[in-house]
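J.: To start, I am sharing the structure in question, which I have written as structure tokens.
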Number of protein chains: 2
Amino acid sequence: MGVSTADGPTARFDAFVASCPSRRLLETIGDKWASLVIVALGLEGRMRYSELSARIAGVSQKMLTQTLRGLERDGLLTRTVTPSVPVRVDYELTPLGLSLIETLRHLKEWAEAHMAEVDRAREEYDRKNDSAGRS
Amino acid sequence: MGVSTADGPTARFDAFVASCPSRRLLETIGDKWASLVIVALGLEGRMRYSELSARIAGVSQKMLTQTLRGLERDGLLTRTVTPSVPVRVDYELTPLGLSLIETLRHLKEWAEAHMAEVDRAREEYDRKNDSAGRS
DNA sequence: CTGGATCCCCCCCGATACTG
DNA sequence: CAGTATCGGGGGGGATCCAG
């Protein structure tokens, strides 16, 4: 709140309001671990907590759990507890989560097509600012 | 380091390595202000620093400058200084930056089509955990 | 007008220890 | 096996002042 005092003619394009769907989506999948969890589940189908933990190298228990809770809350995946000993918990994408994978593929395609350009731009930019510097 | 000791058969899918293009792209556009700058420039074409500052409500000078530098480094936009008094600086998307807008549109489309579902899922999730809570 | 420099707070996140 | 609770460091990012 505070960004847009009125919902009327003040907001010309909604992309700049916090409630804009696109921005909220970016906050979700822009999350480092969230997208990895989604991709992993998209590839493997259904995974246990320990499988996810092993698959996504570098994630801590805390972040994995936190990420899974968030995605479950968003309705992107389901959490299934099998009350055995020891407990078994499985995670699986919902149809909603599966549909998101299509979108992630578009991102992947752009990245694979253009990230090399980004690399070159970075090298050039860094080279200019490392040696010659400013002014 | 430590994530992938070997580049050989250890890494089965590159999406989980930090150098994966998709992940790097997500780090870029997942940045709160970066995507807003890109969208703004995509709509308006060419904008001055002050125009961007006014257009993207809530961004601080520091973050705006920092974001612009990052995007310039990535080759997504150009920075043009007109040495008048006072100085005038214009920002404009490069062809590379323009191509990224197409990708952002896919995100937008998914968001507009499905974010309502996410909202419903959240409400339901919160309602269940606010009242009944945990066992 | 554009933005660099500095201070500083907050929150994210990793590490560790403990529970069912 | 699958978490929760807690502590603490580090960095993101806002506010402010200053420079070109």
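In the structure tokens, each chain is lettered A, B, ... as it comes, each chain's residues begin at 1, and ligands are numbered from 1 in order of appearance.
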For region 5-17 of chain C, find every residue with an atom within 10 Å (counting only C-alpha atoms (C1' of nucleotides)), except residues of its own chain fewer than 6 positions away, and show them as an mmCIF file with C-alpha atoms (C1' of nucleotides), in the first residue's frame.
T.:
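Okay, this is what ended up in out.cif:
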data_model
loop_
_atom_site.group_PDB
_atom_site.id
_atom_site.type_symbol
_atom_site.label_atom_id
_atom_site.label_comp_id
_atom_site.auth_asym_id
_atom_site.auth_seq_id
_atom_site.Cartn_x
_atom_site.Cartn_y
_atom_site.Cartn_z
ATOM 1 C CA VAL A 59 19.921 -26.471 -0.674
ATOM 2 C CA SER A 60 19.614 -26.505 3.108
ATOM 3 C CA GLN A 61 16.843 -28.291 4.990
ATOM 4 C CA LYS A 62 15.408 -25.016 6.032
ATOM 5 C CA MET A 63 15.208 -23.557 2.554
ATOM 6 C "C1'" DA D 5 13.450 -24.070 16.711
ATOM 7 C "C1'" DT D 6 17.005 -21.043 17.405
ATOM 8 C "C1'" DC D 7 21.073 -18.271 16.761
ATOM 9 C "C1'" DG D 8 24.016 -15.431 14.094
ATOM 10 C "C1'" DG D 9 26.591 -13.520 9.904
ATOM 11 C "C1'" DG D 10 26.125 -11.133 5.539
ATOM 12 C "C1'" DG D 11 24.129 -8.637 2.164
ATOM 13 C "C1'" DG D 12 20.223 -6.285 0.030
ATOM 14 C "C1'" DG D 13 18.319 -2.093 -0.029
ATOM 15 C "C1'" DG D 14 16.388 2.494 1.928
ATOM 16 C "C1'" DA D 15 17.712 7.310 3.627
ATOM 17 C "C1'" DT D 16 20.726 10.850 3.427
ATOM 18 C "C1'" DC D 17 24.435 13.799 1.989
ATOM 19 C "C1'" DC D 18 27.474 15.327 -1.491
ATOM 20 C "C1'" DA D 19 29.652 15.878 -6.212
#
J.: Show me, as JSON lines, the residues of chain A having an atom within 10 Å of chain D, each with the closest atom pair and its distance in Å, using only C-alpha atoms (C1' of nucleotides).
T.:
{"residue": "A:Arg48", "atom": "CA", "partner": "D:DA2", "partner_atom": "C1'", "distance": 9.7}
{"residue": "A:Tyr49", "atom": "CA", "partner": "D:DA2", "partner_atom": "C1'", "distance": 7.2}
{"residue": "A:Ser50", "atom": "CA", "partner": "D:DC1", "partner_atom": "C1'", "distance": 7.7}
{"residue": "A:Gln61", "atom": "CA", "partner": "D:DG3", "partner_atom": "C1'", "distance": 8.4}
{"residue": "A:Lys62", "atom": "CA", "partner": "D:DG3", "partner_atom": "C1'", "distance": 9.0}
{"residue": "A:Thr65", "atom": "CA", "partner": "D:DG3", "partner_atom": "C1'", "distance": 7.8}
{"residue": "A:Val85", "atom": "CA", "partner": "D:DC1", "partner_atom": "C1'", "distance": 8.6}
{"residue": "A:Pro86", "atom": "CA", "partner": "D:DC1", "partner_atom": "C1'", "distance": 5.7}
{"residue": "A:Val87", "atom": "CA", "partner": "D:DC1", "partner_atom": "C1'", "distance": 5.9}
{"residue": "A:Arg88", "atom": "CA", "partner": "D:DC1", "partner_atom": "C1'", "distance": 6.8}
{"residue": "A:Val89", "atom": "CA", "partner": "D:DA2", "partner_atom": "C1'", "distance": 7.5}
J.: Which residues are close to Trp33 (chain B), i.e. within 12 Å by only C-alpha atoms (C1' of nucleotides), leaving aside same-chain residues fewer than 5 positions away? Reply as a compact mmCIF listing (two decimals) with C-alpha atoms (C1' of nucleotides), in the first residue's frame.
T.:
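What follows is the written file out.txt:
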# COMPACT_ATOMS: atom_id res chain seq x y z
CA ALA A 15 2.71 -3.91 -14.27
CA PHE A 16 4.00 -1.40 -11.74
CA VAL A 17 1.56 -2.18 -9.00
CA ALA A 18 2.53 -4.79 -6.48
CA ARG A 23 5.23 -9.39 -10.70
CA LEU A 26 8.31 -13.37 -10.90
CA GLU A 27 8.59 -13.25 -7.15
CA GLU B 27 18.43 -14.24 -11.35
CA THR B 28 18.34 -11.34 -13.76
CA ILE B 38 12.71 -3.61 -18.97
CA VAL B 39 8.95 -3.45 -19.24
CA ALA B 40 8.94 0.32 -18.85
CA LEU B 52 12.17 5.97 -15.09
CA SER B 53 12.33 7.11 -11.50
CA ARG B 55 7.43 5.71 -13.74
CA ILE B 56 8.60 2.98 -11.39
CA ALA B 57 7.07 4.11 -8.16
CA GLY B 58 8.84 3.06 -5.01
CA VAL B 59 12.33 2.54 -6.37
CA SER B 60 15.16 4.36 -4.64
CA GLN B 61 17.91 6.19 -6.48
CA LYS B 62 20.41 3.63 -5.39
CA MET B 63 18.43 0.66 -6.61
CA LEU B 64 17.48 2.30 -9.89
CA THR B 65 21.07 3.18 -10.71
CA GLN B 66 22.29 -0.21 -9.58
CA THR B 67 19.66 -1.97 -11.69
CA LEU B 68 20.43 0.12 -14.75
CA ARG B 69 24.13 -0.61 -14.43
CA GLY B 70 23.44 -4.31 -14.23
CA LEU B 71 21.20 -4.31 -17.27
C1' DG D 13 18.32 -2.09 -0.03
J.: For Asn129 (chain B), which of A:Leu43, A:Arg73, A:Thr80, A:Glu109 is the closest residue, counting only C-alpha atoms?
T.: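 Selected residue with least distance to Asn129 (chain B): A:Arg73.
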J.: I need the contact residues of chain C against chain B, so if you could list those with any atom within 8 Å, counting only C-alpha atoms (C1' of nucleotides), and return them as a list in words, that would help.
T.: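 Every residue meeting the condition is included here: DC1, DT2 and DG3 of chain C.
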